[in-house]
Amino acid sequence: MTPAPTPLLHALTTQARATAHARSPACPCGAPVTLADRPDGTVVRHADTV
């Protein structure tokens with residue numbers, strides 16, 4: 001079971017998607033991936049943007 005996203009994780013995911021698709025809003029690459037979600041930092045990847 002995947003935990004519910006936190007507000008920070010949601011904001012980072014939104015920013016990663018916007019940056020990955022700055023030239024085109026189309027998103028053929030699927031869902032963003034959380035690479036790390038720890039007390040000292042959160043890392044999200046969407047397409048080639050981390």
# chains A, B, ... in the order shown; residues from 1 in each chain; ligands from 1

$ residues_around --residues "stretch 20-37 of chain A" --least-positions-apart "5" --cutoff "8 Å" --atoms "only C-alpha atoms" --output "MDAnalysis selection string"
chainID A and resid 13 42:49

$ write_last_selection --atoms "all heavy atoms" --output "short mmCIF file (atom, residue, chain, number, x, y, z; two decimals), in the first residue's frame"
data_model
loop_
_atom_site.label_atom_id
_atom_site.label_comp_id
_atom_site.auth_asym_id
_atom_site.auth_seq_id
_atom_site.Cartn_x
_atom_site.Cartn_y
_atom_site.Cartn_z
N THR A 13 6.05 17.19 -6.87
CA THR A 13 5.59 16.45 -8.05
C THR A 13 5.05 17.41 -9.10
O THR A 13 5.35 17.29 -10.29
CB THR A 13 4.51 15.44 -7.65
OG1 THR A 13 5.07 14.52 -6.71
CG2 THR A 13 3.98 14.68 -8.84
N THR A 42 13.32 15.17 0.24
CA THR A 42 12.43 14.45 -0.66
C THR A 42 12.90 14.69 -2.08
O THR A 42 13.22 15.81 -2.44
CB THR A 42 10.98 14.96 -0.49
OG1 THR A 42 10.58 14.75 0.87
CG2 THR A 42 10.02 14.22 -1.39
N VAL A 43 12.94 13.63 -2.88
CA VAL A 43 13.37 13.72 -4.26
C VAL A 43 12.32 13.09 -5.14
O VAL A 43 11.90 11.96 -4.91
CB VAL A 43 14.74 12.99 -4.48
CG1 VAL A 43 15.18 13.10 -5.93
CG2 VAL A 43 15.79 13.55 -3.55
N VAL A 44 11.86 13.85 -6.16
CA VAL A 44 10.85 13.37 -7.09
C VAL A 44 11.42 13.44 -8.50
O VAL A 44 12.12 14.40 -8.85
CB VAL A 44 9.58 14.27 -7.01
CG1 VAL A 44 8.55 13.86 -8.03
CG2 VAL A 44 9.00 14.21 -5.61
N ARG A 45 11.13 12.39 -9.31
CA ARG A 45 11.56 12.38 -10.72
C ARG A 45 10.32 12.30 -11.59
O ARG A 45 9.41 11.54 -11.34
CB ARG A 45 12.46 11.17 -11.01
CG ARG A 45 12.87 11.11 -12.48
CD ARG A 45 13.73 9.91 -12.79
NE ARG A 45 13.12 8.64 -12.48
CZ ARG A 45 12.26 7.99 -13.25
NH1 ARG A 45 11.88 8.50 -14.40
NH2 ARG A 45 11.75 6.82 -12.88
N HIS A 46 10.32 13.10 -12.65
CA HIS A 46 9.29 13.03 -13.68
C HIS A 46 10.00 13.16 -15.01
O HIS A 46 10.66 14.16 -15.27
CB HIS A 46 8.26 14.14 -13.51
CG HIS A 46 7.14 14.03 -14.49
ND1 HIS A 46 6.09 13.17 -14.30
CD2 HIS A 46 6.94 14.64 -15.69
CE1 HIS A 46 5.27 13.28 -15.33
NE2 HIS A 46 5.77 14.15 -16.19
N ALA A 47 9.89 12.14 -15.84
CA ALA A 47 10.64 12.09 -17.10
C ALA A 47 12.12 12.18 -16.76
O ALA A 47 12.60 11.42 -15.95
CB ALA A 47 10.17 13.15 -18.07
N ASP A 48 12.84 13.14 -17.35
CA ASP A 48 14.27 13.31 -17.07
C ASP A 48 14.54 14.38 -16.04
O ASP A 48 15.71 14.75 -15.82
CB ASP A 48 15.00 13.66 -18.37
CG ASP A 48 15.02 12.52 -19.35
OD1 ASP A 48 14.90 11.35 -18.92
OD2 ASP A 48 15.14 12.77 -20.56
N THR A 49 13.51 14.90 -15.41
CA THR A 49 13.67 15.98 -14.43
C THR A 49 13.63 15.42 -13.01
O THR A 49 12.71 14.70 -12.63
CB THR A 49 12.55 17.03 -14.60
OG1 THR A 49 12.59 17.52 -15.93
CG2 THR A 49 12.73 18.17 -13.63
#

$ select_by_dssp --residues "chain A" --states "strand (DSSP E)" --output "ChimeraX atom specification"
/A:33-38,41-45

$ write_last_selection --atoms "all heavy atoms" --output "CSV table (one decimal), in the first residue's frame"
chain,number,residue,atom,x,y,z
A,33,VAL,N,7.7,9.7,-10.1
A,33,VAL,CA,8.2,8.7,-9.2
A,33,VAL,C,8.9,9.4,-8.0
A,33,VAL,O,9.7,10.3,-8.2
A,33,VAL,CB,9.3,7.8,-9.9
A,33,VAL,CG1,9.9,6.8,-9.0
A,33,VAL,CG2,8.6,7.1,-11.1
A,34,THR,N,8.6,9.0,-6.8
A,34,THR,CA,9.3,9.5,-5.6
A,34,THR,C,10.5,8.6,-5.4
A,34,THR,O,10.4,7.4,-5.2
A,34,THR,CB,8.4,9.3,-4.4
A,34,THR,OG1,7.2,10.1,-4.6
A,34,THR,CG2,9.1,9.9,-3.1
A,35,LEU,N,11.7,9.2,-5.5
A,35,LEU,CA,13.0,8.5,-5.4
A,35,LEU,C,13.4,8.4,-3.9
A,35,LEU,O,14.0,7.4,-3.5
A,35,LEU,CB,14.0,9.2,-6.2
A,35,LEU,CG,13.8,9.4,-7.7
A,35,LEU,CD1,14.9,10.1,-8.4
A,35,LEU,CD2,13.6,8.0,-8.3
A,36,ALA,N,13.0,9.4,-3.1
A,36,ALA,CA,13.3,9.4,-1.7
A,36,ALA,C,12.4,10.3,-1.0
A,36,ALA,O,12.0,11.4,-1.5
A,36,ALA,CB,14.8,9.9,-1.4
A,37,ASP,N,11.9,9.9,0.2
A,37,ASP,CA,11.0,10.7,1.0
A,37,ASP,C,11.4,10.4,2.5
A,37,ASP,O,10.9,9.5,3.1
A,37,ASP,CB,9.6,10.3,0.8
A,37,ASP,CG,8.6,11.3,1.4
A,37,ASP,OD1,9.1,12.4,1.9
A,37,ASP,OD2,7.4,11.0,1.5
A,38,ARG,N,12.4,11.2,2.9
A,38,ARG,CA,12.9,11.0,4.3
A,38,ARG,C,12.8,12.3,5.0
A,38,ARG,O,12.5,13.4,4.4
A,38,ARG,CB,14.4,10.7,4.2
A,38,ARG,CG,14.7,9.5,3.3
A,38,ARG,CD,16.2,9.1,3.3
A,38,ARG,NE,17.0,10.3,3.2
A,38,ARG,CZ,18.0,10.4,2.3
A,38,ARG,NH1,18.3,9.4,1.5
A,38,ARG,NH2,18.7,11.5,2.3
A,41,GLY,N,15.0,15.1,3.5
A,41,GLY,CA,14.8,15.5,2.1
A,41,GLY,C,13.9,14.6,1.3
A,41,GLY,O,13.7,13.4,1.6
A,42,THR,N,13.3,15.2,0.2
A,42,THR,CA,12.4,14.5,-0.7
A,42,THR,C,12.9,14.7,-2.1
A,42,THR,O,13.2,15.8,-2.4
A,42,THR,CB,11.0,15.0,-0.5
A,42,THR,OG1,10.6,14.8,0.9
A,42,THR,CG2,10.0,14.2,-1.4
A,43,VAL,N,12.9,13.6,-2.9
A,43,VAL,CA,13.4,13.7,-4.3
A,43,VAL,C,12.3,13.1,-5.1
A,43,VAL,O,11.9,12.0,-4.9
A,43,VAL,CB,14.7,13.0,-4.5
A,43,VAL,CG1,15.2,13.1,-5.9
A,43,VAL,CG2,15.8,13.5,-3.6
A,44,VAL,N,11.9,13.8,-6.2
A,44,VAL,CA,10.9,13.4,-7.1
A,44,VAL,C,11.4,13.4,-8.5
A,44,VAL,O,12.1,14.4,-8.9
A,44,VAL,CB,9.6,14.3,-7.0
A,44,VAL,CG1,8.5,13.9,-8.0
A,44,VAL,CG2,9.0,14.2,-5.6
A,45,ARG,N,11.1,12.4,-9.3
A,45,ARG,CA,11.6,12.4,-10.7
A,45,ARG,C,10.3,12.3,-11.6
A,45,ARG,O,9.4,11.5,-11.3
A,45,ARG,CB,12.5,11.2,-11.0
A,45,ARG,CG,12.9,11.1,-12.5
A,45,ARG,CD,13.7,9.9,-12.8
A,45,ARG,NE,13.1,8.6,-12.5
A,45,ARG,CZ,12.3,8.0,-13.2
A,45,ARG,NH1,11.9,8.5,-14.4
A,45,ARG,NH2,11.8,6.8,-12.9
